[in-house]
Amino acid sequence: MIQTGLIQSAHDDLVTDISYDFYGLRLATCSLDQRIKVWQLDESNGTWSVEDEWKAHDAAVSRLSWAHPEFGTILASASFDRTVKIWEQTSFVSAGDVQLNGSTPVQQVSGSGSSSRWAERAVLVDARGTVRAVEFAPHHFGLKLATISSDNQLRIYECLEQSSLATWQLSEEVDVTTLPSMSSPSSHSVAFATPTQTSATLDGASASLVAQALQQSQVPFQPRPGMGNREADGGWCISWCKERYWGEVVAAGCGISGTIKVIQVSPSRRPTTLLTLDPTPTGALRLTEGSVGAAPSSENEAPTPYAITSVAWAPSCGRSYHLIATGGRDGHVRIWRVKPAEDTDDTEGEGEPKWTGTIVADFDHHKSAVGRVEWNITGTVLSSAGNDGRVRLWKATIGNVWRPAGSIGVEQSEDSPDADATMEDNTGAD
C-alpha cells in the first residue's frame with residue numbers, strides 16, 4: 001500500500017526541489033518564489049507544518065541539500081542567481097545581536113512561532129552560469145559539497161573552518177564536457193543487455209560520439225523537443241557515490257549531451273572520467289526480447305541526444321556493483337548497473353582497469369520529461385517524477401528484472417483529500 005500526504009499551497013510559485021533530512025523527520029522545500037521552507041513532521045498524525053521560512057536568494061532556488069547531522073543542522077541552496085549559499089540553523093538570538101558572516105544578517109523566521117533562525121554562513125560565487133545542482137559529499141569524506149552550473153563546470157568545495165562554516169575552498173573546478181578519460185578513449189566501456197542478461201559489452205563509445213558530432217555538423221539543425229534553448233532545455237545534475245571504498249566519485253551530466261560521466265575526484269591528481277554512460281552509442285539501441293523498456297522505432301533513426309535532468313547513485317548495501325538511475329527530457333527512466341574496475345581485470349595492456357556500465361532497465365511510462373529520480377535508503381526501490389503529474393515507483397523482482405511497482409497522481413480533485421495512488425503487480429508484465 002502506498003501512503004500519501006499533501007501539503008497544500010506549500011509555496012507561492014512552482015516548487016523546484018524537496019529534500020529530506022538524514023532522519024526523514026524534516027523536509028526542506030524551495031521554489032521559484034526565491035524562498036526556502038523547512039517543514040517538521042508530526043509523527044502522531046503524519047502531517048507537516050512549517051518550522052522555518054525565509055527569502056534565500058535573489059532568483060529562483062533550484063536545489064537543496066542537507067549536510068550529515070554530525071556537522072550540525074546545515075543546508076546548502078543553489079540558485080539561478082549564480083550563487084550557492086550555506087545555511088545553519090541556530091538558536092534564537094535577540095534582534096540586537098551581532099550580524100553573522102560579515103555583513104549578512106541572520107534570517108528571521110516568519111509565521112511559525114519557532115525559536116530558531118537560519119544563519120547565512122557563506123556565499124559561493126564562482127559559477128559563471130545558473131547553478132542547477134548542489135549535493136554534500138558522503139560524511140566520511142568530510143564537509144565537502146559538489147555543484148554544477150550551466151557553464152558546464154563541476155566544482156568541489158571543502159569547508160576549512162567547520163566551527164564557523166565561513167571559509168570554503170574551491171578544491172576542484174573542471175569542465176565536464178572536456179574532461180579526459182583515465183587512459184585511452186576506449187576505456188569508456190558501455191554495455192547494453194536485458195534485465196536478466198547483463199554480460200553483453202560494447203566498447204568504443206567515444207567513436208560513436210564522434211560520429212554523432214559529424215552527423216550533427218552535416219545535418220541542418222531542426223528544432224526538436226529537448227534541443228531548443230540551451231538554458232531551458234539543457235540538464236545539469238550530480239550525484240555522489242555513497243561507497244567509501246572507491247574514493248570520491250561523482251556522476252555528473254550537463255547540457256544536452258544525453259550522457260552521464262562518472263568522475264573520480266582525487267586530492268593527488270586532476271579529476272578523470274572513469275566511465276561515460278551513453279544510452280545510444282551505436283545510434284540504434286534495441287533491447288532484446290524479454291527486456292523492459294522502449295527502443296528507437298526505426299533502425300535507421302538517428303539518435304536524438306536529450307538532456308539528462310536527474311541522476312541518482314544508489315546506496316550499495318553490500319552489492320558488488322553499483323546502480324545509477326537517470327531521468328531525461330526524452331521521458332525515459334534508465335537504471336545502469338555499474339561495475340567498478342578490479343585489479344584482476346584484463347586490461348589488455350591499456351593501463352589501468354576499466355569501469356563498465358550496463359543498462360538493466362529502460363522505462364518510458366511517463367511519456368513526458370522526467371524531472372527527478374531518487375532511491376530509497378537501501379537502493380532497492382527507485383522513484384521518478386515526470387511532467388505527466390505522477391510519481392512512479394520501480395522495483396527489482398525475481399531475477400533482478402525491474403518492473404513498475406506503483407504510481408501516485410499528484411493532481412488532486414476538489415472532493416478528494418488524498419492523492420490518486422495505484423499499485424501494480426510486480427510479477428506480471430508491465
# chains A, B, ... in the order shown; residues from 1 in each chain; ligands from 1
>>> select_by_dssp(residues="range 375-417 of chain A", states="strand (DSSP E)", output="list in words")
Trp375, Val381, Leu382, Ser383, Ser384, Ala385, Gly386, Arg390, Val391, Arg392, Leu393, Trp394, Lys395, Ala396, Trp402, Arg403, Pro404, Ala405, Gly406, Ser407, Ile408 and Gly409 of chain A
>>> residues_around(residues="range 73-83 of chain A", least_positions_apart="4", cutoff="6 Å", atoms="only C-alpha atoms", output="PyMOL selection string")
chain A and resi 59-67+69+87-89+124-125+127+129-131
>>> residues_around(residues="range 331-340 of chain A", least_positions_apart="4", cutoff="8 Å", atoms="only C-alpha atoms", output="ChimeraX atom specification")
/A:320-327,354-370,373,384,386
>>> write_last_selection(atoms="N, CA and C atoms", output="compact mmCIF listing (two decimals), in the first residue's frame")
# COMPACT_ATOMS: atom_id res chain seq x y z
N SER A 320 28.11 -5.99 -5.03
CA SER A 320 29.42 -5.94 -5.67
C SER A 320 29.43 -4.99 -6.86
N TYR A 321 28.30 -4.37 -7.14
CA TYR A 321 28.18 -3.43 -8.25
C TYR A 321 27.37 -2.23 -7.77
N HIS A 322 27.30 -1.21 -8.60
CA HIS A 322 26.55 0.00 -8.26
C HIS A 322 25.33 0.12 -9.18
N LEU A 323 24.31 0.81 -8.70
CA LEU A 323 23.14 1.15 -9.51
C LEU A 323 23.06 2.66 -9.63
N ILE A 324 22.97 3.14 -10.86
CA ILE A 324 22.82 4.57 -11.12
C ILE A 324 21.57 4.76 -11.96
N ALA A 325 20.68 5.61 -11.50
CA ALA A 325 19.44 5.89 -12.22
C ALA A 325 19.50 7.27 -12.86
N THR A 326 18.92 7.39 -14.04
CA THR A 326 18.86 8.68 -14.73
C THR A 326 17.45 8.94 -15.22
N GLY A 327 17.08 10.21 -15.28
CA GLY A 327 15.83 10.64 -15.87
C GLY A 327 16.11 11.75 -16.86
N LYS A 354 39.29 -0.95 -16.21
CA LYS A 354 38.18 -0.12 -16.66
C LYS A 354 36.92 -0.38 -15.85
N TRP A 355 36.13 0.66 -15.68
CA TRP A 355 34.78 0.51 -15.16
C TRP A 355 33.87 0.17 -16.33
N THR A 356 32.82 -0.59 -16.07
CA THR A 356 31.87 -0.94 -17.12
C THR A 356 30.46 -0.62 -16.66
N GLY A 357 29.60 -0.32 -17.64
CA GLY A 357 28.21 0.00 -17.34
C GLY A 357 27.25 -0.79 -18.21
N THR A 358 26.14 -1.19 -17.63
CA THR A 358 25.12 -1.97 -18.34
C THR A 358 23.74 -1.40 -18.04
N ILE A 359 22.95 -1.18 -19.07
CA ILE A 359 21.56 -0.78 -18.86
C ILE A 359 20.75 -2.01 -18.49
N VAL A 360 20.14 -2.00 -17.30
CA VAL A 360 19.33 -3.14 -16.86
C VAL A 360 17.84 -2.82 -16.89
N ALA A 361 17.48 -1.57 -17.10
CA ALA A 361 16.06 -1.21 -17.22
C ALA A 361 15.94 0.12 -17.95
N ASP A 362 14.91 0.22 -18.77
CA ASP A 362 14.67 1.44 -19.54
C ASP A 362 13.15 1.60 -19.67
N PHE A 363 12.59 2.56 -18.94
CA PHE A 363 11.14 2.77 -18.90
C PHE A 363 10.78 4.10 -19.53
N ASP A 364 9.67 4.13 -20.26
CA ASP A 364 9.18 5.39 -20.81
C ASP A 364 7.71 5.62 -20.43
N HIS A 365 7.31 5.14 -19.26
CA HIS A 365 5.93 5.22 -18.83
C HIS A 365 5.46 6.66 -18.61
N HIS A 366 6.37 7.56 -18.29
CA HIS A 366 5.95 8.95 -18.04
C HIS A 366 5.43 9.62 -19.30
N LYS A 367 5.94 9.21 -20.47
CA LYS A 367 5.52 9.80 -21.74
C LYS A 367 5.75 11.31 -21.80
N SER A 368 6.60 11.81 -20.93
CA SER A 368 6.93 13.24 -20.90
C SER A 368 8.22 13.37 -20.10
N ALA A 369 8.75 14.57 -20.05
CA ALA A 369 10.05 14.79 -19.41
C ALA A 369 10.03 14.32 -17.96
N VAL A 370 11.13 13.69 -17.56
CA VAL A 370 11.32 13.25 -16.18
C VAL A 370 12.14 14.30 -15.45
N VAL A 373 14.75 11.66 -10.28
CA VAL A 373 14.80 10.27 -9.88
C VAL A 373 15.50 10.21 -8.52
N SER A 384 10.46 8.09 -9.47
CA SER A 384 10.67 9.08 -10.52
C SER A 384 9.45 9.99 -10.62
N GLY A 386 7.58 12.89 -13.14
CA GLY A 386 7.57 13.39 -14.50
C GLY A 386 6.53 14.45 -14.74
>>> atom_distance(atom1="CA of Ser31 in chain A", atom2="CA of Ile2 in chain A")
26.1 Å
>>> residues_around(residues="Glu161 in chain A", least_positions_apart="6", cutoff="12 Å", atoms="only C-alpha atoms", output="list of chain:residue names")
A:Phe71, A:Arg121, A:Ala122, A:Gly142, A:Leu143, A:Lys144, A:Thr167, A:Trp168, A:Gln169
>>> write_last_selection(atoms="all heavy atoms", output="PDB file, in the first residue's frame")
ATOM      1  N   PHE A  71      27.809  17.206  11.320  1.00  0.00           N
ATOM      2  CA  PHE A  71      28.366  18.545  11.129  1.00  0.00           C
ATOM      3  C   PHE A  71      27.442  19.637  11.655  1.00  0.00           C
ATOM      4  O   PHE A  71      27.794  20.819  11.623  1.00  0.00           O
ATOM      5  CB  PHE A  71      28.653  18.796   9.643  1.00  0.00           C
ATOM      6  CG  PHE A  71      29.586  17.791   9.025  1.00  0.00           C
ATOM      7  CD1 PHE A  71      29.128  16.893   8.069  1.00  0.00           C
ATOM      8  CD2 PHE A  71      30.914  17.728   9.407  1.00  0.00           C
ATOM      9  CE1 PHE A  71      29.976  15.962   7.500  1.00  0.00           C
ATOM     10  CE2 PHE A  71      31.779  16.805   8.845  1.00  0.00           C
ATOM     11  CZ  PHE A  71      31.310  15.917   7.898  1.00  0.00           C
ATOM     12  N   ARG A 121      25.844  31.420   6.386  1.00  0.00           N
ATOM     13  CA  ARG A 121      27.237  31.304   6.812  1.00  0.00           C
ATOM     14  C   ARG A 121      28.234  31.597   5.701  1.00  0.00           C
ATOM     15  O   ARG A 121      29.344  32.077   5.958  1.00  0.00           O
ATOM     16  CB  ARG A 121      27.498  29.898   7.353  1.00  0.00           C
ATOM     17  CG  ARG A 121      26.691  29.528   8.586  1.00  0.00           C
ATOM     18  CD  ARG A 121      26.924  30.494   9.725  1.00  0.00           C
ATOM     19  NE  ARG A 121      26.410  29.959  10.998  1.00  0.00           N
ATOM     20  CZ  ARG A 121      26.340  30.645  12.112  1.00  0.00           C
ATOM     21  NH1 ARG A 121      26.741  31.918  12.129  1.00  0.00           N
ATOM     22  NH2 ARG A 121      25.863  30.107  13.223  1.00  0.00           N
ATOM     23  N   ALA A 122      27.881  31.287   4.458  1.00  0.00           N
ATOM     24  CA  ALA A 122      28.821  31.506   3.349  1.00  0.00           C
ATOM     25  C   ALA A 122      28.054  31.632   2.045  1.00  0.00           C
ATOM     26  O   ALA A 122      26.947  31.094   1.900  1.00  0.00           O
ATOM     27  CB  ALA A 122      29.828  30.357   3.268  1.00  0.00           C
ATOM     28  N   GLY A 142      34.431  14.151   4.811  1.00  0.00           N
ATOM     29  CA  GLY A 142      34.493  15.462   5.419  1.00  0.00           C
ATOM     30  C   GLY A 142      33.377  16.356   4.913  1.00  0.00           C
ATOM     31  O   GLY A 142      32.496  15.929   4.153  1.00  0.00           O
ATOM     32  N   LEU A 143      33.403  17.609   5.340  1.00  0.00           N
ATOM     33  CA  LEU A 143      32.359  18.550   4.952  1.00  0.00           C
ATOM     34  C   LEU A 143      32.710  19.141   3.589  1.00  0.00           C
ATOM     35  O   LEU A 143      33.368  20.170   3.475  1.00  0.00           O
ATOM     36  CB  LEU A 143      32.216  19.644   6.014  1.00  0.00           C
ATOM     37  CG  LEU A 143      31.012  20.577   5.860  1.00  0.00           C
ATOM     38  CD1 LEU A 143      29.711  19.805   5.734  1.00  0.00           C
ATOM     39  CD2 LEU A 143      30.938  21.556   7.022  1.00  0.00           C
ATOM     40  N   LYS A 144      32.268  18.455   2.557  1.00  0.00           N
ATOM     41  CA  LYS A 144      32.502  18.872   1.176  1.00  0.00           C
ATOM     42  C   LYS A 144      31.180  18.907   0.437  1.00  0.00           C
ATOM     43  O   LYS A 144      30.213  18.235   0.824  1.00  0.00           O
ATOM     44  CB  LYS A 144      33.455  17.910   0.460  1.00  0.00           C
ATOM     45  CG  LYS A 144      34.860  17.844   1.018  1.00  0.00           C
ATOM     46  CD  LYS A 144      35.714  16.895   0.187  1.00  0.00           C
ATOM     47  CE  LYS A 144      37.148  16.840   0.691  1.00  0.00           C
ATOM     48  NZ  LYS A 144      37.987  15.931  -0.136  1.00  0.00           N
ATOM     49  N   THR A 167      34.512  29.681   5.738  1.00  0.00           N
ATOM     50  CA  THR A 167      35.571  29.581   4.740  1.00  0.00           C
ATOM     51  C   THR A 167      35.456  28.271   3.982  1.00  0.00           C
ATOM     52  O   THR A 167      35.583  27.188   4.562  1.00  0.00           O
ATOM     53  CB  THR A 167      36.959  29.667   5.410  1.00  0.00           C
ATOM     54  OG1 THR A 167      37.031  30.849   6.195  1.00  0.00           O
ATOM     55  CG2 THR A 167      38.055  29.673   4.358  1.00  0.00           C
ATOM     56  N   TRP A 168      35.230  28.390   2.677  1.00  0.00           N
ATOM     57  CA  TRP A 168      35.109  27.238   1.798  1.00  0.00           C
ATOM     58  C   TRP A 168      36.135  27.361   0.679  1.00  0.00           C
ATOM     59  O   TRP A 168      36.202  28.387   0.005  1.00  0.00           O
ATOM     60  CB  TRP A 168      33.698  27.130   1.216  1.00  0.00           C
ATOM     61  CG  TRP A 168      32.664  26.785   2.249  1.00  0.00           C
ATOM     62  CD1 TRP A 168      32.143  27.617   3.200  1.00  0.00           C
ATOM     63  CD2 TRP A 168      32.056  25.514   2.460  1.00  0.00           C
ATOM     64  NE1 TRP A 168      31.240  26.948   3.984  1.00  0.00           N
ATOM     65  CE2 TRP A 168      31.159  25.649   3.554  1.00  0.00           C
ATOM     66  CE3 TRP A 168      32.162  24.270   1.831  1.00  0.00           C
ATOM     67  CZ2 TRP A 168      30.381  24.592   4.020  1.00  0.00           C
ATOM     68  CZ3 TRP A 168      31.397  23.227   2.298  1.00  0.00           C
ATOM     69  CH2 TRP A 168      30.512  23.373   3.377  1.00  0.00           C
ATOM     70  N   GLN A 169      36.913  26.313   0.500  1.00  0.00           N
ATOM     71  CA  GLN A 169      37.945  26.311  -0.536  1.00  0.00           C
ATOM     72  C   GLN A 169      37.455  25.607  -1.784  1.00  0.00           C
ATOM     73  O   GLN A 169      36.906  24.498  -1.710  1.00  0.00           O
ATOM     74  CB  GLN A 169      39.216  25.622  -0.028  1.00  0.00           C
ATOM     75  CG  GLN A 169      40.339  25.563  -1.052  1.00  0.00           C
ATOM     76  CD  GLN A 169      41.534  24.792  -0.548  1.00  0.00           C
ATOM     77  OE1 GLN A 169      41.402  23.892   0.280  1.00  0.00           O
ATOM     78  NE2 GLN A 169      42.724  25.151  -1.007  1.00  0.00           N
TER      79      GLN A 169
END
